[in-house]
Amino acid sequence: MNRHVTNWIALLALGGAVSFGCSSGDDSSGQSNGGSGGAAGAAGHGGTAGSAGLANGGSSGASVSTGGGGGTKASAGSANGGSESGGEGGASDGSDALRARGALLVRSVALCGGCHTATGGTELAGNPQFKAGALPAPNLTPDKTGLGDWTDQQIMNAFRNGIDDQGRHLDPAMPYWLFHNMSDADAQAIVAFLRSLPPTSAVVGEANPDATPVTPLAPAALPASSLQPKDADYAAAVQGKYLLSGIAQCVRCHSPSNAGLPAPSFFSGVAPTSGTQIFSPNITPDATGISGWSAADVVTALKAGTNKAGVTLCGSMPSGSKGYGGLSDADAHAIGVYLTTIPAVKNASAAPSLEPACP
C-alpha cells in the first residue's frame, strides 16, 4: 500500500454554518473548494433533492438497503453487498442514487474538496499545501497513489473512526470525531462516489506520525430542537441535527474550541482574535445571534451566500458557490429548522452585527 495516502486528513479546516465567516487560519482551503463545491448542484444533486431521509436509511427521494457494511467492491455499485432501489430524479438504479447521494455529501455537506483539492488541481486528488504544508491532504481517487488498494470498510473506518488501513490513528484535522456519527447509508454513499471518481495519479506528501486519538463528539451533547414530534417540521429538525452532528462542520467553526475541537456552548460563535474581523458568529436564535431568522433565511444564507439583510457573507464561510450552494433543498431546510429552534445562547462578543461588510 502506498504510504502517501495512509494519513487520511479530509475535509475543511474551515467548515462554517449559516452566518458570516469561519475563524480558520487556512482560508485558502475554502477557496480551493470554490469550483468543485459550486458545481455540486449539478454534479451532486442528481435527483437527491428531497432525499434527506436517506441519511438515516429512509426512503425520501431514494431508498437504500444495505447489507452490513463489510464489502470490498471497488466498483461504485451495490456498495457493501447491499441492495438498492432507485428514487426520483432520473436515477436509473440504486447504484446511481447511491453515488448521487455520495456526491452531494462530499461536495456540498462535508465539503471534502476544501482540503483534498489543491488550488487548480483535480477534484479530490490531494493537496500537498493543506494546513500550511505541514499536513498534506491525500489523494482520495481510486488510483494506486490514492485509495485504489483500500477496501470499502477501510475507507469508512478512516473517515468515521480515524484509523487508516494500517491501523494508525489519524490527525483530528480529519474530522472523524464528527463523521463517526454518520449513518451507514451515508457512509456507504460517500464510498460509492469516491470509487466513481476518475483515477488520478498524485502523490501529495509523506504520511504523518501516528496521532493521539480523540473522543468522538456525542450527538446528545448538541442542543436539541424545541420542536415536538407533533410539529410539522419535527422530522426536519431531527435531520438537521443529524447533519450538523455527523457531516457538516458548522459546530467546528461556530463553537468555542478546546484543543482544536468544538466545546460548549455549541453554535454560540467565536469572537474575532488577533485583529482579524473575519470570525464565526453566534448562530443560535438569540438577540446576539440569528434571532428573527426563519428557516428560509438560513437556507438563503447557505445556498445563496447572503444574510437576512441581503448582505454577502464573507471570509471562509463556505456558502453559495464555495460549497453549500449545492445542498439539496431538503437538507438546507433541515439545517435551517434545527438552528432556528435550538436554545438561544447569548454571546455579544460574537454577534453577527460586529462583522463589517465584505471588502
# chains A, B, ... in the order shown; residues from 1 in each chain; ligands from 1

call {"tool": "select_by_dssp", "arguments": {"residues": "segment 195-298 of chain A", "states": "strand (DSSP E)", "output": "ChimeraX atom specification"}}
result
/A:257-258,261-262

call {"tool": "write_last_selection", "arguments": {"atoms": "C-alpha atoms", "output": "PDB file, in the first residue's frame"}}
result
ATOM      1  CA  SER A 257     -12.658  25.498  20.941  1.00  0.00           C
ATOM      2  CA  ASN A 258     -10.936  23.125  23.329  1.00  0.00           C
ATOM      3  CA  LEU A 261     -12.240  20.615  18.962  1.00  0.00           C
ATOM      4  CA  PRO A 262     -15.662  22.219  19.481  1.00  0.00           C
TER       5      PRO A 262
END

call {"tool": "residues_around", "arguments": {"residues": "Gly260 of chain A", "least_positions_apart": "3", "cutoff": "9 Å", "atoms": "only C-alpha atoms", "output": "PDB file with N, CA and C atoms, in the first residue's frame"}}
result
ATOM      1  N   PRO A 172      -6.658  14.603  14.102  1.00  0.00           N
ATOM      2  CA  PRO A 172      -8.045  15.065  14.175  1.00  0.00           C
ATOM      3  C   PRO A 172      -8.356  16.240  13.264  1.00  0.00           C
ATOM      4  N   ALA A 173      -7.358  16.750  12.514  1.00  0.00           N
ATOM      5  CA  ALA A 173      -7.685  17.695  11.449  1.00  0.00           C
ATOM      6  C   ALA A 173      -8.641  17.029  10.468  1.00  0.00           C
ATOM      7  N   ARG A 252     -17.894  23.014  14.306  1.00  0.00           N
ATOM      8  CA  ARG A 252     -16.457  23.166  14.477  1.00  0.00           C
ATOM      9  C   ARG A 252     -16.053  24.637  14.454  1.00  0.00           C
ATOM     10  N   SER A 257     -13.570  26.599  21.225  1.00  0.00           N
ATOM     11  CA  SER A 257     -12.658  25.498  20.941  1.00  0.00           C
ATOM     12  C   SER A 257     -11.924  25.034  22.188  1.00  0.00           C
TER      13      SER A 257
END

call {"tool": "atom_distance", "arguments": {"atom1": "atom CA of Asp233 of chain A", "atom2": "atom CA of Leu339 of chain A"}}
result
12.4 Å

call {"tool": "closest_residue", "arguments": {"among": "A:Ser245, A:Gln153, A:Gln228, A:Asn347", "to": "Thr284 of chain A", "atoms": "only C-alpha atoms"}}
result
A:Asn347

call {"tool": "closest_residue", "arguments": {"among": "A:Ala103, A:Val203, A:Val270, A:Ala221", "to": "Cys253 of chain A", "atoms": "only C-alpha atoms"}}
result
A:Val270
